[in-house]
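Notes to accompany the following structure.
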Amino acid sequence: MTDYVPIRARLMVTTEESPGLATLHLKVQSETPFTFQFGQFNMLSMFGIGEIPISIMGWQDGLLMHTIRAVGRVSTAMIGMQKDQELGLRGPFGKGWPLEKFEGRDLVFITAGLGCAPVVAAINYAVAHRNRYRRIVILQGVKHHNDLLWQPKYDAWRTMGDCQVLLAASEESKRKHHWKLGLVTALLDDAEFDPRHCAVMICGPEIMMLAAMPFLQKHQVRDEDIYLSMERNFQCGMGACGHCQIGPHFVCRDGPVFHYPDVKPWLGVKGF
Ligand SMILES: Cc1cc2nc3c(=O)[nH]c(=O)nc-3n(C[C@H](O)[C@H](O)[C@H](O)COP(=O)(O)OP(=O)(O)OC[C@H]3O[C@@H](n4cnc5c(N)ncnc54)[C@H](O)[C@@H]3O)c2cc1C
């Protein structure tokens with residue numbers, strides 16, 4: 001495969017996660033093993049329809065997993081694929097979470113929105129390599145508690161040793177157990193981790209990232225221990241189309257996972 005020519009991937013199983021959101025389990029049709037870092041993405045194409053960037057959710061039983069929300073032309077066609085139908089795949093692209101660098105530290109995951117694939121993939125990795133990390137803290141914010149995907153995963157993580165799972169919903173609901181009313185940032189004051197030996201991974205809307213920073217600073221977390229997974233609309237995945245530029249960086253080529261100090265000056269700045 002070259003960066004330009006897609007290889008084929010065959011749909012083996014579709015798991016419906018919620019209405020309009022599904023995980024595709026794909027058999028990559030390639031002689032060479034498909035290797036990736038958690039946090040990287042693939043450019044997936046529906047022949048005759050279009051191509052879109054989608055984060056890698058994981059690899060299980062020889063199949064590559066992508067969780068896709070139907071928002072438009074290509075994504076809707078993808079989650080409607082039939083078993084054995086093929087799509088095109090270029091990738092993996094971009095930079096993932098430097099999880100090996102984080103060994104021996106507390107891991108703090110902050111995510112908002114309806115299922116953040118890059119963070120869930122990284123949590124799965126940390127759980128699978130539990131002895132390499134110290135405490136795991138997972139903070140997830142959603143609009144309504146019904147919006148939380150992969151509820152069983154969160155329940156299992158909560159009962160795992162030395163793991164704290166805190167959930168927030170911005171809309172009031174009857175189910176209060178384990179839930180705080182408010183934004184994900186409201187959970188930061190309850191999070192218990194060692195700010196001097198931690199790695200914080202954030203994924204979600206940029207406005208949430210910006211809102212999280214004062215809380216992290218208050219808890220003495222250093223900028224150099226913070227990593228962000230950014231999302232921008234782009235076409236190529238290789239730094240050619242220029243649509244995803246953020247300051248001197250391209251989200252597709254230099255991200256989507258960024259070291260916070262590298263993008264700090266441009267975060268939330270209009271026009272970038
Ligand atoms: C690095 C990266 C990783 C991503 N990972 C995932 C993932 O794991 N799962 C997933 O469901 N989606 C993911 N996305 C978003 C996904 O690429 C878009 O939803 C997709 O491009 C929409 O294409 P479409 O043809 O279905 O919709 P379109 O018909 O092109 O657009 C529908 C609407 O979505 C908006 N839109 C299109 N692309 C984006 C985008 N990239 N960001 C924000 N809004 C957009 C359009 O402006 C329009 O309003 C990722 C995006 C990036 C950049």
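In the structure tokens, the first chain shown is A, the next is B, and so on; residue numbers restart at 1 for each chain, and ligands run from 1 in the order shown.
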
What residues have any atom no more than 7 Å from ligand 1 when counting only C-alpha atoms and all ligand atoms, and can you list them as a VMD selection string? chain A and resid 41 50 52 to 56 66 to 76 117 230 to 234 252 256

For the residues in that selection, give me N, CA, C and O atoms as an mmCIF file, in the first residue's frame.
```cif
data_model
loop_
_atom_site.group_PDB
_atom_site.id
_atom_site.type_symbol
_atom_site.label_atom_id
_atom_site.label_comp_id
_atom_site.auth_asym_id
_atom_site.auth_seq_id
_atom_site.Cartn_x
_atom_site.Cartn_y
_atom_site.Cartn_z
ATOM 1 N N PHE A 41 -5.449 7.325 12.918
ATOM 2 C CA PHE A 41 -6.698 7.171 12.176
ATOM 3 C C PHE A 41 -6.427 6.581 10.803
ATOM 4 O O PHE A 41 -5.282 6.570 10.327
ATOM 5 N N GLY A 50 -17.279 8.393 -1.269
ATOM 6 C CA GLY A 50 -16.306 9.343 -0.727
ATOM 7 C C GLY A 50 -15.417 8.710 0.328
ATOM 8 O O GLY A 50 -15.553 7.517 0.647
ATOM 9 N N ILE A 52 -13.406 9.343 4.241
ATOM 10 C CA ILE A 52 -13.418 10.141 5.486
ATOM 11 C C ILE A 52 -12.384 9.609 6.496
ATOM 12 O O ILE A 52 -12.063 8.426 6.479
ATOM 13 N N PRO A 53 -11.881 10.508 7.366
ATOM 14 C CA PRO A 53 -10.974 10.037 8.424
ATOM 15 C C PRO A 53 -11.765 9.419 9.584
ATOM 16 O O PRO A 53 -12.755 9.999 10.018
ATOM 17 N N ILE A 54 -11.315 8.270 10.062
ATOM 18 C CA ILE A 54 -11.958 7.610 11.207
ATOM 19 C C ILE A 54 -10.872 7.033 12.117
ATOM 20 O O ILE A 54 -9.952 6.341 11.658
ATOM 21 N N SER A 55 -10.981 7.310 13.404
ATOM 22 C CA SER A 55 -9.990 6.831 14.382
ATOM 23 C C SER A 55 -10.012 5.311 14.490
ATOM 24 O O SER A 55 -11.064 4.693 14.325
ATOM 25 N N ILE A 56 -8.871 4.779 14.840
ATOM 26 C CA ILE A 56 -8.780 3.324 15.026
ATOM 27 C C ILE A 56 -9.230 2.995 16.446
ATOM 28 O O ILE A 56 -8.689 3.524 17.419
ATOM 29 N N HIS A 66 -13.506 0.018 13.807
ATOM 30 C CA HIS A 66 -13.756 1.448 13.675
ATOM 31 C C HIS A 66 -15.168 1.723 14.156
ATOM 32 O O HIS A 66 -16.106 1.046 13.712
ATOM 33 N N THR A 67 -15.348 2.703 15.032
ATOM 34 C CA THR A 67 -16.692 3.071 15.490
ATOM 35 C C THR A 67 -17.094 4.347 14.759
ATOM 36 O O THR A 67 -16.386 5.354 14.824
ATOM 37 N N ILE A 68 -18.228 4.292 14.066
ATOM 38 C CA ILE A 68 -18.605 5.381 13.158
ATOM 39 C C ILE A 68 -20.003 5.911 13.471
ATOM 40 O O ILE A 68 -20.942 5.137 13.629
ATOM 41 N N ARG A 69 -20.082 7.237 13.581
ATOM 42 C CA ARG A 69 -21.391 7.883 13.758
ATOM 43 C C ARG A 69 -21.868 8.388 12.394
ATOM 44 O O ARG A 69 -21.110 9.053 11.674
ATOM 45 N N ALA A 70 -23.111 8.077 12.056
ATOM 46 C CA ALA A 70 -23.670 8.523 10.771
ATOM 47 C C ALA A 70 -24.047 9.991 10.880
ATOM 48 O O ALA A 70 -24.976 10.355 11.605
ATOM 49 N N VAL A 71 -23.272 10.847 10.213
ATOM 50 C CA VAL A 71 -23.592 12.283 10.232
ATOM 51 C C VAL A 71 -23.843 12.819 8.834
ATOM 52 O O VAL A 71 -24.399 13.894 8.669
ATOM 53 N N GLY A 72 -23.389 12.085 7.819
ATOM 54 C CA GLY A 72 -23.517 12.608 6.453
ATOM 55 C C GLY A 72 -23.438 11.482 5.451
ATOM 56 O O GLY A 72 -23.654 10.312 5.773
ATOM 57 N N ARG A 73 -23.077 11.864 4.234
ATOM 58 C CA ARG A 73 -23.118 10.951 3.096
ATOM 59 C C ARG A 73 -22.277 9.677 3.314
ATOM 60 O O ARG A 73 -22.782 8.569 3.245
ATOM 61 N N VAL A 74 -20.992 9.857 3.582
ATOM 62 C CA VAL A 74 -20.098 8.698 3.622
ATOM 63 C C VAL A 74 -20.322 7.866 4.889
ATOM 64 O O VAL A 74 -20.445 6.634 4.835
ATOM 65 N N SER A 75 -20.390 8.546 6.026
ATOM 66 C CA SER A 75 -20.528 7.804 7.286
ATOM 67 C C SER A 75 -21.849 7.034 7.333
ATOM 68 O O SER A 75 -21.898 5.905 7.835
ATOM 69 N N THR A 76 -22.915 7.602 6.770
ATOM 70 C CA THR A 76 -24.204 6.897 6.760
ATOM 71 C C THR A 76 -24.111 5.651 5.874
ATOM 72 O O THR A 76 -24.582 4.570 6.257
ATOM 73 N N ALA A 117 -13.680 7.652 20.428
ATOM 74 C CA ALA A 117 -12.919 6.451 20.078
ATOM 75 C C ALA A 117 -11.435 6.526 20.463
ATOM 76 O O ALA A 117 -10.906 5.567 21.031
ATOM 77 N N MET A 230 -7.021 16.123 18.666
ATOM 78 C CA MET A 230 -7.775 17.191 18.001
ATOM 79 C C MET A 230 -8.554 16.629 16.808
ATOM 80 O O MET A 230 -8.138 15.651 16.203
ATOM 81 N N GLU A 231 -9.654 17.304 16.488
ATOM 82 C CA GLU A 231 -10.396 16.891 15.291
ATOM 83 C C GLU A 231 -10.610 18.092 14.389
ATOM 84 O O GLU A 231 -11.017 19.161 14.841
ATOM 85 N N ARG A 232 -10.296 17.918 13.121
ATOM 86 C CA ARG A 232 -10.514 18.959 12.120
ATOM 87 C C ARG A 232 -11.011 18.283 10.849
ATOM 88 O O ARG A 232 -10.654 17.133 10.580
ATOM 89 N N ASN A 233 -11.777 19.006 10.074
ATOM 90 C CA ASN A 233 -12.247 18.483 8.798
ATOM 91 C C ASN A 233 -11.090 18.528 7.791
ATOM 92 O O ASN A 233 -10.435 19.545 7.670
ATOM 93 N N PHE A 234 -10.802 17.413 7.117
ATOM 94 C CA PHE A 234 -9.766 17.445 6.070
ATOM 95 C C PHE A 234 -10.030 16.355 5.040
ATOM 96 O O PHE A 234 -10.870 15.477 5.241
ATOM 97 N N CYS A 252 -3.804 16.254 10.577
ATOM 98 C CA CYS A 252 -3.708 14.910 9.995
ATOM 99 C C CYS A 252 -2.292 14.353 10.076
ATOM 100 O O CYS A 252 -2.102 13.176 10.343
ATOM 101 N N PRO A 256 -3.444 13.339 15.009
ATOM 102 C CA PRO A 256 -4.381 14.162 15.768
ATOM 103 C C PRO A 256 -4.027 14.307 17.240
ATOM 104 O O PRO A 256 -4.538 15.174 17.912
#
```

Quick one: residues within 7 Å of Phe109 (chain A), only C-alpha atoms counted, chain neighbours fewer than 6 positions away excluded, as a list in words? Val119, Val137, Ile138, Leu139, Val200, Met201 and Ile202 of chain A

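Here CA of Ile49 (chain A) stands at a distance of 9.8 Å from CA of Met78 (chain A).
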
Here is a test: counting only C-alpha atoms, which residue of A:Leu187, A:Ala121, A:Leu24, A:Ala128 is nearest to Met160 (chain A)? A:Ala128

Could you pull the residues within 9 Å of Gly182 (chain A), counting only C-alpha atoms, minus those fewer than 2 positions along the same chain, as a PDB file with N, CA, C and O atoms, in the first residue's frame?
```
ATOM      1  N   GLY A 141     -17.832  13.108  30.221  1.00  0.00           N
ATOM      2  CA  GLY A 141     -19.024  13.950  30.272  1.00  0.00           C
ATOM      3  C   GLY A 141     -19.895  13.713  29.053  1.00  0.00           C
ATOM      4  O   GLY A 141     -19.378  13.566  27.940  1.00  0.00           O
ATOM      5  N   LYS A 143     -24.182  14.644  27.410  1.00  0.00           N
ATOM      6  CA  LYS A 143     -25.320  15.541  27.600  1.00  0.00           C
ATOM      7  C   LYS A 143     -26.327  14.904  28.570  1.00  0.00           C
ATOM      8  O   LYS A 143     -26.695  15.469  29.583  1.00  0.00           O
ATOM      9  N   ALA A 168     -20.292  12.605  34.240  1.00  0.00           N
ATOM     10  CA  ALA A 168     -21.115  13.814  34.398  1.00  0.00           C
ATOM     11  C   ALA A 168     -22.093  13.923  33.238  1.00  0.00           C
ATOM     12  O   ALA A 168     -21.745  13.613  32.096  1.00  0.00           O
ATOM     13  N   ALA A 169     -23.314  14.366  33.544  1.00  0.00           N
ATOM     14  CA  ALA A 169     -24.296  14.631  32.491  1.00  0.00           C
ATOM     15  C   ALA A 169     -24.774  16.064  32.680  1.00  0.00           C
ATOM     16  O   ALA A 169     -25.044  16.498  33.805  1.00  0.00           O
ATOM     17  N   SER A 170     -24.863  16.794  31.575  1.00  0.00           N
ATOM     18  CA  SER A 170     -25.236  18.202  31.717  1.00  0.00           C
ATOM     19  C   SER A 170     -26.754  18.385  31.820  1.00  0.00           C
ATOM     20  O   SER A 170     -27.216  19.447  32.194  1.00  0.00           O
ATOM     21  N   GLU A 171     -27.521  17.328  31.490  1.00  0.00           N
ATOM     22  CA  GLU A 171     -28.973  17.409  31.655  1.00  0.00           C
ATOM     23  C   GLU A 171     -29.385  16.566  32.848  1.00  0.00           C
ATOM     24  O   GLU A 171     -28.910  15.447  33.012  1.00  0.00           O
ATOM     25  N   GLU A 172     -30.298  17.122  33.646  1.00  0.00           N
ATOM     26  CA  GLU A 172     -30.790  16.407  34.833  1.00  0.00           C
ATOM     27  C   GLU A 172     -31.480  15.111  34.397  1.00  0.00           C
ATOM     28  O   GLU A 172     -32.159  15.071  33.385  1.00  0.00           O
ATOM     29  N   LYS A 180     -22.670  12.920  38.173  1.00  0.00           N
ATOM     30  CA  LYS A 180     -22.663  14.286  38.677  1.00  0.00           C
ATOM     31  C   LYS A 180     -23.374  15.152  37.638  1.00  0.00           C
ATOM     32  O   LYS A 180     -23.227  14.910  36.431  1.00  0.00           O
ATOM     33  N   VAL A 184     -17.997  17.912  32.136  1.00  0.00           N
ATOM     34  CA  VAL A 184     -16.925  16.994  32.547  1.00  0.00           C
ATOM     35  C   VAL A 184     -15.895  17.702  33.433  1.00  0.00           C
ATOM     36  O   VAL A 184     -15.297  17.097  34.335  1.00  0.00           O
ATOM     37  N   THR A 185     -15.725  19.000  33.198  1.00  0.00           N
ATOM     38  CA  THR A 185     -14.745  19.751  33.989  1.00  0.00           C
ATOM     39  C   THR A 185     -15.133  19.792  35.475  1.00  0.00           C
ATOM     40  O   THR A 185     -14.268  19.923  36.344  1.00  0.00           O
ATOM     41  N   ALA A 186     -16.442  19.643  35.747  1.00  0.00           N
ATOM     42  CA  ALA A 186     -16.902  19.647  37.141  1.00  0.00           C
ATOM     43  C   ALA A 186     -16.379  18.425  37.896  1.00  0.00           C
ATOM     44  O   ALA A 186     -16.391  18.388  39.130  1.00  0.00           O
ATOM     45  N   LEU A 187     -15.916  17.421  37.154  1.00  0.00           N
ATOM     46  CA  LEU A 187     -15.430  16.193  37.791  1.00  0.00           C
ATOM     47  C   LEU A 187     -13.979  16.314  38.245  1.00  0.00           C
ATOM     48  O   LEU A 187     -13.512  15.533  39.062  1.00  0.00           O
TER      49      LEU A 187
END
```

Contacts between region 88-94 of chain A and region 5-42 of chain A, please, where a residue of region 5-42 of chain A counts if it comes within 6 Å (with only C-alpha atoms); show its shortest atom pair and distance in Å to one decimal, rows by chain and ascending number, as JSON lines.
```
{"residue": "A:Pro6", "atom": "CA", "partner": "A:Arg90", "partner_atom": "CA", "distance": 4.7}
{"residue": "A:Ile7", "atom": "CA", "partner": "A:Leu89", "partner_atom": "CA", "distance": 5.2}
{"residue": "A:Arg8", "atom": "CA", "partner": "A:Gly88", "partner_atom": "CA", "distance": 4.8}
{"residue": "A:Gln40", "atom": "CA", "partner": "A:Gly94", "partner_atom": "CA", "distance": 5.5}
{"residue": "A:Phe41", "atom": "CA", "partner": "A:Phe93", "partner_atom": "CA", "distance": 5.5}
{"residue": "A:Asn42", "atom": "CA", "partner": "A:Gly91", "partner_atom": "CA", "distance": 4.6}
```

Selected residues, N, CA and C atoms, written as a PDB file, in the first residue's frame, please.
```
ATOM      1  N   PRO A   6      -5.660   3.080  -1.755  1.00  0.00           N
ATOM      2  CA  PRO A   6      -6.263   2.317  -0.656  1.00  0.00           C
ATOM      3  C   PRO A   6      -6.126   0.812  -0.851  1.00  0.00           C
ATOM      4  N   ILE A   7      -6.033   0.106   0.269  1.00  0.00           N
ATOM      5  CA  ILE A   7      -6.174  -1.346   0.216  1.00  0.00           C
ATOM      6  C   ILE A   7      -7.634  -1.651   0.549  1.00  0.00           C
ATOM      7  N   ARG A   8      -8.029  -2.909   0.354  1.00  0.00           N
ATOM      8  CA  ARG A   8      -9.425  -3.261   0.624  1.00  0.00           C
ATOM      9  C   ARG A   8      -9.557  -3.849   2.021  1.00  0.00           C
ATOM     10  N   GLN A  40      -4.162   6.910  16.334  1.00  0.00           N
ATOM     11  CA  GLN A  40      -4.031   7.167  14.891  1.00  0.00           C
ATOM     12  C   GLN A  40      -5.381   6.960  14.194  1.00  0.00           C
ATOM     13  N   PHE A  41      -5.449   7.325  12.918  1.00  0.00           N
ATOM     14  CA  PHE A  41      -6.698   7.171  12.176  1.00  0.00           C
ATOM     15  C   PHE A  41      -6.427   6.581  10.803  1.00  0.00           C
ATOM     16  N   ASN A  42      -7.478   6.074  10.195  1.00  0.00           N
ATOM     17  CA  ASN A  42      -7.418   5.615   8.796  1.00  0.00           C
ATOM     18  C   ASN A  42      -8.301   6.509   7.944  1.00  0.00           C
TER      19      ASN A  42
END
```

What are the DSSP strand (DSSP E or B) residues of region 26-265 of chain A, as an MDAnalysis selection string? chainID A and resid 26:29 41:46 50:55 58:60 63:69 86:93 95 106:112 136:142 163:169 179:181 198:203 226:229 245:246 249:250 256:259

Residue subset to file, keeping C-alpha atoms, as a compact mmCIF listing (two decimals), in the first residue's frame:
```
# COMPACT_ATOMS: atom_id res chain seq x y z
CA LEU A 26 -12.97 -5.29 9.22
CA LYS A 27 -10.66 -7.90 7.72
CA VAL A 28 -7.79 -5.99 6.16
CA GLN A 29 -6.90 -7.53 2.78
CA PHE A 41 -6.70 7.17 12.18
CA ASN A 42 -7.42 5.61 8.80
CA MET A 43 -8.89 7.22 5.69
CA LEU A 44 -11.85 4.95 4.87
CA SER A 45 -13.57 5.11 1.50
CA MET A 46 -16.88 3.88 0.17
CA GLY A 50 -16.31 9.34 -0.73
CA GLU A 51 -13.52 9.06 1.82
CA ILE A 52 -13.42 10.14 5.49
CA PRO A 53 -10.97 10.04 8.42
CA ILE A 54 -11.96 7.61 11.21
CA SER A 55 -9.99 6.83 14.38
CA GLY A 58 -8.69 -1.36 18.18
CA TRP A 59 -7.78 -4.77 16.88
CA GLN A 60 -9.53 -7.91 18.06
CA LEU A 63 -10.12 -7.72 12.80
CA LEU A 64 -9.67 -3.96 12.75
CA MET A 65 -12.37 -1.97 14.56
CA HIS A 66 -13.76 1.45 13.68
CA THR A 67 -16.69 3.07 15.49
CA ILE A 68 -18.60 5.38 13.16
CA ARG A 69 -21.39 7.88 13.76
CA GLU A 86 -15.62 -4.01 0.99
CA LEU A 87 -14.37 -0.51 1.65
CA GLY A 88 -11.08 1.19 0.86
CA LEU A 89 -8.50 1.90 3.55
CA ARG A 90 -5.46 4.18 3.56
CA GLY A 91 -3.47 4.40 6.72
CA PRO A 92 -2.69 4.40 9.51
CA PHE A 93 -2.01 8.13 9.53
CA LYS A 95 0.50 10.41 15.54
CA ASP A 106 -1.00 7.84 36.72
CA LEU A 107 -3.16 8.08 33.60
CA VAL A 108 -5.99 10.61 33.47
CA PHE A 109 -8.48 10.40 30.60
CA ILE A 110 -10.81 13.33 30.04
CA THR A 111 -13.43 13.01 27.36
CA ALA A 112 -16.70 14.63 26.43
CA ILE A 136 -6.19 5.14 36.06
CA VAL A 137 -8.68 8.00 36.27
CA ILE A 138 -11.46 8.23 33.69
CA LEU A 139 -13.60 11.36 33.46
CA GLN A 140 -16.41 11.30 30.92
CA GLY A 141 -19.02 13.95 30.27
CA VAL A 142 -22.15 13.53 28.13
CA CYS A 163 -9.21 2.94 38.89
CA GLN A 164 -11.57 5.87 39.36
CA VAL A 165 -14.45 6.43 36.94
CA LEU A 166 -16.34 9.72 37.21
CA LEU A 167 -19.28 10.56 34.97
CA ALA A 168 -21.11 13.81 34.40
CA ALA A 169 -24.30 14.63 32.49
CA TRP A 179 -23.44 10.66 38.02
CA LYS A 180 -22.66 14.29 38.68
CA LEU A 181 -24.78 17.05 37.15
CA CYS A 198 0.71 11.74 35.56
CA ALA A 199 -0.19 11.89 31.88
CA VAL A 200 -3.45 13.59 31.00
CA MET A 201 -5.14 12.62 27.71
CA ILE A 202 -8.02 14.79 26.51
CA CYS A 203 -10.40 14.17 23.62
CA ILE A 226 -1.00 17.04 28.85
CA TYR A 227 -1.88 15.53 25.44
CA LEU A 228 -4.85 16.38 23.22
CA SER A 229 -6.56 14.51 20.41
CA GLN A 245 -3.87 23.53 9.75
CA ILE A 246 -3.46 24.68 13.33
CA HIS A 249 0.92 22.07 12.35
CA PHE A 250 -1.46 19.88 10.40
CA PRO A 256 -4.38 14.16 15.77
CA VAL A 257 -2.68 13.59 19.13
CA PHE A 258 -0.66 16.66 20.10
CA HIS A 259 1.55 17.50 23.02
```

Between CA of Arg253 (chain A) and CA of Asp223 (chain A), what is the distance, to one decimal in Å?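 That distance, rounded to one decimal, is 21.9 Å.
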